[in-house]
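Down below is the structure, laid out as structure tokens.
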Amino acid sequence: MAERRSAAAEGLARLSEWADAHLSLLRGLSAGVAVAGLLVLARSVRTTAKFTSPLDIPVAFVEKNVKLRGKLHHITEKGLEVEHIPISIPFITSIQRKWQSKGLLLIRLAGVELAPSGMAWLQQELKPKQVIWFQLLGREDSALECLVLVNKGRFLSMCLNEEILRRGLGRTALIEGLHHDSRLYWKLHKRLLQAELKALKKNKGIWKEESYSERIRDRISNNKFVQTLKQFVRWLRSSISR
């Protein structure tokens with residue numbers, strides 16, 4: 001029994017000696033674990049942060065074309081006003097809610113020049129407070145250039161950018177924010193052009209062929225002689241009224 005106690009005491013003494021000899025190493029490991037924990041926490045805070053302005057979004061998110069979720073509030077001529085819905089993580093999210101500010105993100109449909117009929121279709125298709133997904137492509141003038149996705153059932157989603165062009169409710173435009181020589185730019189631009197071509201082939205929306213009478217009327221109204229005659233009539237009326 002005494003031998004066992006002596007062996008245990010000797011083992012404890014050796015462990016104590018080793019700890020004293022490697023104290024700096026242990027401190028370094030403890031500091032490393034603490035720093036790693038802080039980095040994980042910082043990353044979690046950034047991932048779960050609620051963005052209330054396009055300028056709040058980290059540059060890395062835009063460069064990596066991160067997909068975010070949001071709740072639609074308004075449809076305006078400038079774009080969609082959306083409330084960002086951050087990823088929810090217990091404890092971290094509850095703390096963040098106490099100091100999060102309020103604000104909406106302005107989202108533009110990347111690569112699309114919207115026609116008036118397109119605006120009307122969006123107002124009919126999208127509902128207030130509807131949840132949408134938006135993939136970041138660029139940031140221009142305090143607005144986000146995005147691909148906007150809407151869930152259409154359990155496993156299906158619709159890209160609004162493509163759908164508007166497919167219906168002939170807009171025209172393709174440059175995708176702002178992406179480098180024009182990048183592979184992603186031409187991949188997306190090709191998708192949008194294909195959608196526009198479908199509308200063009202089927203004469204949908206703005207590509208619908210005008211009737212013969214409409215073409216004749218436009219030609220008459222654009223004729224220089226007719227325009228000169230209209231100007232003379234307006235001048236004559238103003239002279240008589242004097």
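Chain labels A, B, ... are given in the sequence in which chains occur in the structure tokens; within each chain residues are numbered consecutively from 1, and ligands are likewise numbered from 1 in the order shown.
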
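When the distance limit is 8 Å and only C-alpha atoms are what count, the residues near Lys67 of chain A, minus those fewer than 2 positions from it on the same chain, are Asn65, Arg69, Trp133, Phe134, Gln135 and Leu136 of chain A.
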
*Residues at most 6 Å from Leu80 of chain A, counting only C-alpha atoms, excluding those fewer than 2 positions away in the same chain, as a ChimeraX atom specification?*
/A:74-75,106-107

_Just checking: using only C-alpha atoms, which residue out of A:Glu83, A:Glu145, A:Glu176, A:Glu77 ends up closest to Gly118 of chain A?_
A:Glu77

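Compared by their closest atoms to Asn161 of chain A, and using only C-alpha atoms, the residues A:Ala143, A:Ile132, A:Ala110, A:Leu178 rank with A:Ala110 nearest.
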
_Long-range neighbours of segment 192-206 of chain A as a VMD selection string, 7 Å cut-off, only C-alpha atoms, 6 positions minimum in chain_ = chain A and resid 162 165 to 169 171 to 172

Go ahead and save the picked residues with all heavy atoms, as a tab-separated table (two decimals), in the first residue's frame.
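File again-v2.tsv, as written:
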chain	number	residue	atom	x	y	z
A	162	GLU	N	-35.10	36.13	-65.31
A	162	GLU	CA	-35.36	35.37	-66.53
A	162	GLU	C	-36.85	35.40	-66.90
A	162	GLU	O	-37.19	35.51	-68.08
A	162	GLU	CB	-34.91	33.92	-66.34
A	162	GLU	CG	-33.41	33.75	-66.27
A	162	GLU	CD	-33.01	32.30	-66.12
A	162	GLU	OE1	-32.94	31.59	-67.14
A	162	GLU	OE2	-32.76	31.86	-64.97
A	165	LEU	N	-37.96	38.57	-68.74
A	165	LEU	CA	-37.50	38.57	-70.13
A	165	LEU	C	-38.25	37.53	-70.96
A	165	LEU	O	-38.56	37.76	-72.13
A	165	LEU	CB	-35.99	38.29	-70.19
A	165	LEU	CG	-35.11	39.36	-69.54
A	165	LEU	CD1	-33.66	38.90	-69.49
A	165	LEU	CD2	-35.21	40.69	-70.29
A	166	ARG	N	-38.56	36.40	-70.35
A	166	ARG	CA	-39.28	35.33	-71.05
A	166	ARG	C	-40.70	35.76	-71.42
A	166	ARG	O	-41.26	35.28	-72.40
A	166	ARG	CB	-39.31	34.08	-70.17
A	166	ARG	CG	-39.65	32.79	-70.90
A	166	ARG	CD	-39.61	31.61	-69.97
A	166	ARG	NE	-38.26	31.30	-69.55
A	166	ARG	CZ	-37.84	31.33	-68.29
A	166	ARG	NH1	-38.67	31.69	-67.32
A	166	ARG	NH2	-36.60	31.03	-68.00
A	167	ARG	N	-41.27	36.66	-70.64
A	167	ARG	CA	-42.62	37.15	-70.90
A	167	ARG	C	-42.62	38.41	-71.77
A	167	ARG	O	-43.68	38.96	-72.05
A	167	ARG	CB	-43.33	37.45	-69.57
A	167	ARG	CG	-43.66	36.21	-68.76
A	167	ARG	CD	-44.19	36.57	-67.39
A	167	ARG	NE	-44.61	35.41	-66.64
A	167	ARG	CZ	-45.85	34.92	-66.61
A	167	ARG	NH1	-46.81	35.54	-67.29
A	167	ARG	NH2	-46.14	33.85	-65.91
A	168	GLY	N	-41.43	38.90	-72.12
A	168	GLY	CA	-41.36	40.10	-72.94
A	168	GLY	C	-41.71	41.36	-72.17
A	168	GLY	O	-42.24	42.32	-72.74
A	169	LEU	N	-41.38	41.37	-70.88
A	169	LEU	CA	-41.71	42.51	-70.02
A	169	LEU	C	-40.49	43.39	-69.73
A	169	LEU	O	-40.53	44.23	-68.84
A	169	LEU	CB	-42.31	42.01	-68.71
A	169	LEU	CG	-43.56	41.12	-68.86
A	169	LEU	CD1	-44.00	40.59	-67.50
A	169	LEU	CD2	-44.69	41.86	-69.54
A	171	ARG	N	-36.04	44.21	-71.31
A	171	ARG	CA	-34.94	43.93	-72.23
A	171	ARG	C	-33.69	43.57	-71.44
A	171	ARG	O	-33.54	43.98	-70.29
A	171	ARG	CB	-34.63	45.16	-73.11
A	171	ARG	CG	-35.71	45.52	-74.10
A	171	ARG	CD	-35.29	46.74	-74.91
A	171	ARG	NE	-36.21	47.00	-76.01
A	171	ARG	CZ	-37.33	47.70	-75.90
A	171	ARG	NH1	-37.65	48.21	-74.72
A	171	ARG	NH2	-38.11	47.90	-76.94
A	172	THR	N	-32.80	42.81	-72.07
A	172	THR	CA	-31.53	42.50	-71.42
A	172	THR	C	-30.66	43.76	-71.35
A	172	THR	O	-30.73	44.62	-72.21
A	172	THR	CB	-30.76	41.41	-72.18
A	172	THR	OG1	-30.60	41.81	-73.55
A	172	THR	CG2	-31.47	40.08	-72.11

*List every residue of segment 48-217 of chain A that DSSP, applied to the backbone of this structure, places in strand (DSSP E or B), and write the result as number ranges by chain.*
A: 67-75, 80-85, 105-109, 112-114, 131-140, 143-151, 157-159, 170-172

*For each of A:Ile240, A:Ile87, A:Ala49, A:Met158, take the minimum atom-to-atom distance to Glu125 of chain A, counting only C-alpha atoms, then give the residue where this is smallest.*
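Distance minimum relative to Glu125 of chain A lands on A:Met158.
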
*Find the residue from A:Arg183, A:Arg234, A:Arg191, A:Lys71 that sits nearest to Val150 of chain A; use only C-alpha atoms when measuring.*
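Smallest separation from Val150 of chain A among the options: A:Lys71.
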